[in-house]
Amino acid sequence: MADPPKFDKKSRYTEGRGIAGAFEGETVTRRRLMEGTALAAGGIATAAFALPALGFALGPVFEDTSRENWQSVGLEADFADDAYVQRVINLVPQIGDPGKTTIYVRRFDPELDDARNDDQPYVAISTRCAHLGCPVRYIQASKKFVCPCHGGVYDFEGKVAGGPPVRPLDRFYTRVRAGRVEIGDRFSVNSELDRFSPRDPSNHIDGLWQFLYPSRPTT
Amino acid sequence: MKLPAPPLPKFLRPSPPRPGRGNGNGDGNGAGPATKPTPKEKAVEGTATAVGWLDERTGLSPFLRGFLYRKVPKGTNWYYTLGSATMFAFLSQAVTGVFLAMYYNPDTASRAYSSASYITNEVFLGEFVRGMHRWGSTVMIILIFLHMGRTFFFGAYKYPRELNWVIGVVLIVLTLLMGLTGYLLPFDQRSYWATVVAVNINASGPIVGPYLADFLRAGAEFGPTTITRFYALHMLAVPGLIAALIGAHLYLVAKLGTTAPPWLKAQKKDLMTEEL
């Protein structure tokens, strides 16, 4: 009496595992191969629409769409070095009024201002509060910038004088062309008034904090 | 165990044939002369046929019977309706939102505001429908937190219902996201500055925060596509997720059953009669 064929359940070969119709040397059953093929095809089909769609939604995070944009805000004679003059500039020209913002401009004062910013002929202070982005207002009587939302206060140079803000008010690059003062891109400053690429409000940039709130591709 | 068939209201129940008036099915084979079915009988018959046709092809009735006539523990009370109330608040938001979308124009250059004020001031019932959506959002958030409180204080989050608690927490986050994205859409001063602040709060998270804020604004500044982005999240992405998760939430409720209130002790006598 012949022994029944012995099958090893752990065999590498389907033939060895006793699967009907197995080829010699075959290690993957056809059923399993079809399963894998169907799953892979489904995965590829999903990725084919999901990845481009995701990239489409995330795209704006990785590109800088702002153009270099110098805007004239008036003649040199319009500005003094001991008082701010209020001006409106267009930050996002495509959207009309919501894209405009107020800035405060004065001439650079070598006696008051830090020499590390002396390449800027004018000081143009952004009204975007460094706490959460509400619009600050300059109070001439106290020579302070005051934020209506959460009580942030900044001194004449835009440094934090009180309240929750984490860094001084942002500034804009300035230049003089043909006797007119022009306002360029935004930059952020730390509490020593060192320049940084523009950061969002609420982002600390003093000391080690600057590595937790890195520069972004959009700015 | 056989669940009882749902009781029919009295006016839908077939009445027994009167003596001497046929067997009631009008085929003339009864004891008396055949009678024509009354319009009421025809209507009942027609409805039963239509429901039977659907049921034969979907097998829905055992599912619906199990879902709608499932047993609930003793002591089930009005607090157990907070989840359904939240769902109906969501449905109300969905329906009013669809109709508001017929008039609303998510355009940053002033048209968003003017279309919102057009809805309020010009469209027939516009103020009412917008009001339902605006106040309904608050109602939904209040209800969902009351529902969460009920679940917490009744201990209904415990084994085996932990996953349903997790789904519920995700639903709360999504509901709050609906509130955040919807707040921008009227595009008045309050909407605009509240959104600026909210996005900057997102930016305050270390490392990922600034990128998250850029994602929400579609750039470094509040730009031409910020409002359309919020609108798409508000009317398509988040409600779709919420609807899908409500489905999963309800499935688990029906599958696992609800819990008895914590003040109810198991009654040994009842248990005995049930099990013997």
# chains A, B, ... in the order shown; residues from 1 in each chain; ligands from 1
>>> select_by_dssp(residues="stretch 45-174 of chain A", states="helix (DSSP H, G or I)", output="list in words")
Ala45, Thr46, Ala47, Ala48, Phe49, Ala50, Leu51, Pro52, Ala53, Leu54, Gly55, Phe56, Ala57, Leu58, Gly59, Pro60, Val61, Glu76, Ala77, Asp78, Pro93, Gln94, Ile95, Asp97, Pro98, Gly99, Ala115, Arg116 and Asn117 of chain A
>>> interface_residues(of="chain B", to="chain A", cutoff="7 Å", atoms="only C-alpha atoms", output="list in words")
Thr108, Ala109, Trp193, Val196, Val197, Asn200, Ile201, Ala203, Ser204, Pro206, Ile207, Pro210, Tyr211, Asp214, Phe215, Ala218, Gly219, Ala220, Gly223 and Pro224 of chain B
>>> write_last_selection(atoms="N, CA and C atoms", output="PDB file, in the first residue's frame")
ATOM      1  N   THR B 108     -14.342  87.405  -2.985  1.00  0.00           N
ATOM      2  CA  THR B 108     -13.769  88.268  -1.969  1.00  0.00           C
ATOM      3  C   THR B 108     -14.007  89.743  -2.258  1.00  0.00           C
ATOM      4  N   ALA B 109     -13.944  90.112  -3.548  1.00  0.00           N
ATOM      5  CA  ALA B 109     -14.061  91.525  -3.866  1.00  0.00           C
ATOM      6  C   ALA B 109     -15.523  91.960  -3.730  1.00  0.00           C
ATOM      7  N   TRP B 193     -12.224  89.844  10.451  1.00  0.00           N
ATOM      8  CA  TRP B 193     -11.206  89.924  11.496  1.00  0.00           C
ATOM      9  C   TRP B 193     -11.217  88.693  12.391  1.00  0.00           C
ATOM     10  N   VAL B 196      -9.158  86.300  10.451  1.00  0.00           N
ATOM     11  CA  VAL B 196      -7.734  86.646  10.544  1.00  0.00           C
ATOM     12  C   VAL B 196      -7.163  86.144  11.870  1.00  0.00           C
ATOM     13  N   VAL B 197      -7.884  86.413  12.953  1.00  0.00           N
ATOM     14  CA  VAL B 197      -7.404  85.988  14.267  1.00  0.00           C
ATOM     15  C   VAL B 197      -7.360  84.459  14.364  1.00  0.00           C
ATOM     16  N   ASN B 200      -4.469  83.084  12.499  1.00  0.00           N
ATOM     17  CA  ASN B 200      -3.209  83.356  13.191  1.00  0.00           C
ATOM     18  C   ASN B 200      -3.065  82.516  14.461  1.00  0.00           C
ATOM     19  N   ILE B 201      -4.183  82.128  15.075  1.00  0.00           N
ATOM     20  CA  ILE B 201      -4.095  81.186  16.201  1.00  0.00           C
ATOM     21  C   ILE B 201      -3.547  79.857  15.678  1.00  0.00           C
ATOM     22  N   ALA B 203      -1.574  79.603  13.208  1.00  0.00           N
ATOM     23  CA  ALA B 203      -0.162  79.843  12.901  1.00  0.00           C
ATOM     24  C   ALA B 203       0.714  79.778  14.142  1.00  0.00           C
ATOM     25  N   SER B 204       0.116  79.875  15.333  1.00  0.00           N
ATOM     26  CA  SER B 204       0.932  79.921  16.543  1.00  0.00           C
ATOM     27  C   SER B 204       1.445  78.546  16.952  1.00  0.00           C
ATOM     28  N   PRO B 206       3.883  75.500  16.902  1.00  0.00           N
ATOM     29  CA  PRO B 206       5.262  75.435  16.440  1.00  0.00           C
ATOM     30  C   PRO B 206       5.426  74.529  15.228  1.00  0.00           C
ATOM     31  N   ILE B 207       6.303  74.922  14.315  1.00  0.00           N
ATOM     32  CA  ILE B 207       6.720  74.184  13.116  1.00  0.00           C
ATOM     33  C   ILE B 207       5.570  73.982  12.111  1.00  0.00           C
ATOM     34  N   PRO B 210       2.703  77.639  11.010  1.00  0.00           N
ATOM     35  CA  PRO B 210       2.770  78.570   9.882  1.00  0.00           C
ATOM     36  C   PRO B 210       2.321  77.948   8.559  1.00  0.00           C
ATOM     37  N   TYR B 211       2.636  76.654   8.364  1.00  0.00           N
ATOM     38  CA  TYR B 211       2.209  75.995   7.124  1.00  0.00           C
ATOM     39  C   TYR B 211       0.704  75.797   7.104  1.00  0.00           C
ATOM     40  N   ASP B 214      -0.835  78.990   6.150  1.00  0.00           N
ATOM     41  CA  ASP B 214      -0.703  79.198   4.705  1.00  0.00           C
ATOM     42  C   ASP B 214      -1.700  78.363   3.937  1.00  0.00           C
ATOM     43  N   PHE B 215      -1.931  77.130   4.432  1.00  0.00           N
ATOM     44  CA  PHE B 215      -2.911  76.254   3.764  1.00  0.00           C
ATOM     45  C   PHE B 215      -4.307  76.869   3.844  1.00  0.00           C
ATOM     46  N   ALA B 218      -4.441  79.935   1.677  1.00  0.00           N
ATOM     47  CA  ALA B 218      -3.921  79.734   0.320  1.00  0.00           C
ATOM     48  C   ALA B 218      -2.852  80.777   0.016  1.00  0.00           C
ATOM     49  N   GLY B 219      -1.904  80.955   0.945  1.00  0.00           N
ATOM     50  CA  GLY B 219      -0.818  81.907   0.733  1.00  0.00           C
ATOM     51  C   GLY B 219      -0.466  82.615   2.020  1.00  0.00           C
ATOM     52  N   ALA B 220       0.450  83.564   1.903  1.00  0.00           N
ATOM     53  CA  ALA B 220       0.922  84.241   3.099  1.00  0.00           C
ATOM     54  C   ALA B 220      -0.033  85.333   3.567  1.00  0.00           C
ATOM     55  N   GLY B 223      -6.036  86.151   0.707  1.00  0.00           N
ATOM     56  CA  GLY B 223      -5.974  86.451  -0.720  1.00  0.00           C
ATOM     57  C   GLY B 223      -7.259  86.160  -1.462  1.00  0.00           C
ATOM     58  N   PRO B 224      -7.190  86.188  -2.796  1.00  0.00           N
ATOM     59  CA  PRO B 224      -8.397  86.014  -3.605  1.00  0.00           C
ATOM     60  C   PRO B 224      -9.048  84.644  -3.470  1.00  0.00           C
TER      61      PRO B 224
END
>>> residues_around(residues="stretch 78-85 of chain B", least_positions_apart="5", cutoff="9 Å", atoms="only C-alpha atoms", output="MDAnalysis selection string")
chainID B and resid 90 140 143:144 146:148 150:151 258
>>> atom_distance(atom1="atom CA of B:Leu171", atom2="atom CA of B:Leu241")
8.6 Å
>>> atom_distance(atom1="atom CA of A:Ile89", atom2="atom CA of A:Thr101")
5.6 Å
>>> atom_distance(atom1="atom CA of B:Thr120", atom2="atom CA of B:Tyr103")
10.4 Å
>>> residues_around(residues="A:Tyr138", least_positions_apart="4", cutoff="10 Å", atoms="only C-alpha atoms", output="PyMOL selection string")
chain A and resi 84-86+103-104+127+142-147+153-156+158
>>> closest_residue(among="B:Lys2, B:Phe230, B:Glu122, B:Phe128", to="B:Tyr69", atoms="only C-alpha atoms")
B:Lys2
>>> residues_around(residues="A:Val181", least_positions_apart="5", cutoff="8 Å", atoms="only C-alpha atoms", output="list in words")
Ser72, Val73, Gly74, Leu75, Glu76, Thr174, Arg175 and Val176 of chain A
